[in-house]
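Below is one structure, written out as structure tokens; comments come after it.
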Amino acid sequence: MTFLGNQFQYKIWFIFLVLNRSKTVLVIGDHKFPCYFIFGDSLVDVGNNNELNTGAKANYLPYGIDFPQGPTGRFCNGLLAVDYVAKGLGFKEFIPPYATVKEEDVLTGVNYGSAGSGILEESGDNLGEHFGFDKQILHHKNVVSKIETLHGNKTYTQYYLKKCLYTINIGSNDYINNYFAPKVLDKPHDLTPEQFATALISKFSQNIILLYELGARKFTIAEIPQVGFSLAEIRLCANNISCVTEINYASSIFNAKQRTLLDELDNNLTEAKFVVPDFNIPTSALLQFNGDY
Ligand SMILES: *[C@@H]1O[C@H](CO)[C@@H](O)[C@H](O)[C@H]1NC(C)=O
Ligand SMILES: *[C@@H]1O[C@H](CO)[C@@H](O)[C@H](O)[C@H]1NC(C)=O
Ligand SMILES: *[C@@H]1O[C@H](CO)[C@@H](O)[C@H](O)[C@H]1NC(C)=O
């Protein structure tokens with residue numbers, strides 16, 4: 001949920017997104033995205049958890065200390081990567097959270113991100129309520145219906161939704177607040193890291209296909225960071241570096257499988273394009289940031 005080195009990652013993520021944009025996938029001629037839909041965890045949450053019964057919220061100071069409106073629920077002092085992306089793409093407003101979006105504002109996109117959430121619905125239950133990936137997709141389904149109503153035309157809505165950008169940033173909490181949270185949830189521990197990653201990828205794949213069926217075509221899908229360096233895991237490992245390494249190894253299995261999956265989906269879902277921003281950050285940089293946190 002809460003990562004060390006967040007801001008560092010944001011910068012890297014944004015740089016890669018921009019690089020990819022200028023190369024191939026995300027910008028075609030003068031094409032502009034009419035809307036931007038965002039799915040994921042605390043790295044993209046802009047306030048969807050504010051009214052939930054959970055420890056995973058950030059709508060109080062010092063969160064938002066550098067944000068124009070103060071605390072909003074963003075797990076950050078200022079703007080999130082997705083805010084920079086929205087700005088960079090020319091959106092006039094930040095993409096609003098699903099929890100409070102006004103009906104007429106859904107046309108330019110919605111942010112469904114929920115801190116603590118994962119690919120598996122139960123991931124993050126140790127922190128309290130959250131909207132897991134399945135719920136986020138249900139929310140998107142509601143929004144798609146609203147857009148159809150606003151456009152008054154299903155055919156046009158499908159054409160419109162295909163032009164939008166879809167960012168997905170999820171999976172860390174399946175490790176931090178599920179697989180490696182032994183006292184909370186026992187079940188995944190029957191699985192090896194390899195088997196657990198396979199289960200996650202299978203669920204993730206179904207969800208990407210659902211989004212595709214709802215009109216999503218242009219995806220940016222983040223890798224998960226080296227979760228062993230999160231505060232929770234460092235605490236769990238009690239400074240045992242091999243324990244941290246083991247956790248990072250488990251998350252690297254997920255990333256490798258995700259890449260294979262996206263290659264496969266790139267073939268199977270003929271109109272889909274996937275961009276994977278590179279989150280890999282030198283260990284030394286993360287540890288250095290650690291010390292400052
Ligand atoms: C729906 O929109 C398309 C594209 O703008 C248009 O060609 C078509 O006539 C519209 N259909 C209806 C029923 O309004
Ligand atoms: C450190 O972590 C490794 C891997 O989890 C474990 O095998 C080892 O027993 C731990 N060492 C100590 C001193 O706890
Ligand atoms: C891609 O299509 C092949 C052939 O239909 C199928 O076997 C495979 O499971 C599909 N992959 C995914 C990730 O859906």
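Starting from 1 in every chain, residues are counted up; chains themselves are A, B, ... following the order of the structure tokens, and ligands are numbered from 1 as listed.
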Fill in: Contacts with ligand 3 at most 12 Å, only C-alpha atoms and all ligand atoms counted, listed as a list in words
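Residues satisfying the distance criterion: Thr198, Ile201, Ser202, Lys203, Phe204, Ser205, Gln206, Asn207, Ile208, Ile209, Leu210, Tyr212, Lys257, Gln258, Arg259, Thr260, Leu261, Leu262, Asp263, Glu264, Leu265, Asp266, Asn267, Asn268, Leu269 and Thr270 of chain A.
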Discussion item. Any residue with an atom at most 12 Å from ligand 2 counts, using only C-alpha atoms and all ligand atoms. Which are they? Put them as a ChimeraX atom specification.
Written reply: /A:180,228,233-234,236-250
Include C-alpha atoms and write out the residues we just selected as a PDB file, in the first residue's frame.
ATOM      1  CA  PHE A 180       3.209 -11.785   2.693  1.00  0.00           C
ATOM      2  CA  GLY A 228      10.318  -6.077  -0.439  1.00  0.00           C
ATOM      3  CA  GLU A 233       7.914  -5.672   4.359  1.00  0.00           C
ATOM      4  CA  ILE A 234      11.073  -4.187   5.817  1.00  0.00           C
ATOM      5  CA  LEU A 236       8.135  -7.768   8.608  1.00  0.00           C
ATOM      6  CA  CYS A 237      11.664  -8.857   7.692  1.00  0.00           C
ATOM      7  CA  ALA A 238      13.193  -7.129  10.717  1.00  0.00           C
ATOM      8  CA  ASN A 239      16.202  -6.019   8.695  1.00  0.00           C
ATOM      9  CA  ASN A 240      16.865  -9.506   7.349  1.00  0.00           C
ATOM     10  CA  ILE A 241      18.037  -8.750   3.809  1.00  0.00           C
ATOM     11  CA  SER A 242      17.496 -12.293   2.498  1.00  0.00           C
ATOM     12  CA  CYS A 243      13.878 -12.010   3.559  1.00  0.00           C
ATOM     13  CA  VAL A 244      13.552  -8.730   1.596  1.00  0.00           C
ATOM     14  CA  THR A 245      15.249 -10.346  -1.400  1.00  0.00           C
ATOM     15  CA  GLU A 246      12.865 -13.287  -1.252  1.00  0.00           C
ATOM     16  CA  ILE A 247       9.874 -10.909  -1.348  1.00  0.00           C
ATOM     17  CA  ASN A 248      11.353  -8.936  -4.238  1.00  0.00           C
ATOM     18  CA  TYR A 249      11.933 -12.185  -6.073  1.00  0.00           C
ATOM     19  CA  ALA A 250       8.258 -13.120  -5.672  1.00  0.00           C
TER      20      ALA A 250
END
Could you give me, as a PDB file with N, CA and C atoms, in the first residue's frame, every polymer residue with an atom at most 6 Å away from an atom of ligand 1, counting only C-alpha atoms and all ligand atoms?
ATOM      1  N   ASN A 153     -26.253   7.142 -27.774  1.00  0.00           N
ATOM      2  CA  ASN A 153     -25.894   6.377 -28.968  1.00  0.00           C
ATOM      3  C   ASN A 153     -24.806   5.347 -28.610  1.00  0.00           C
ATOM      4  N   THR A 155     -23.390   2.968 -30.429  1.00  0.00           N
ATOM      5  CA  THR A 155     -22.350   2.795 -31.447  1.00  0.00           C
ATOM      6  C   THR A 155     -21.294   3.881 -31.303  1.00  0.00           C
ATOM      7  N   TYR A 156     -21.773   5.089 -31.139  1.00  0.00           N
ATOM      8  CA  TYR A 156     -20.820   6.189 -30.985  1.00  0.00           C
ATOM      9  C   TYR A 156     -20.023   6.038 -29.685  1.00  0.00           C
TER      10      TYR A 156
END
Worksheet entry | Separation of atom CA of A:Gln158 from atom CA of A:Ala99, in Å and rounded to one decimal |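 That distance, rounded to one decimal, is 23.7 Å.
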Fill in: In stretch 59-282 of chain A, DSSP strand (DSSP E) residues written as a list in words
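For stretch 59-282 of chain A, the strand (DSSP E) set is Leu165, Tyr166, Thr167, Ile168, Asn169, Lys218, Phe219, Thr220, Ile221, Lys273, Phe274 and Val275 of chain A.
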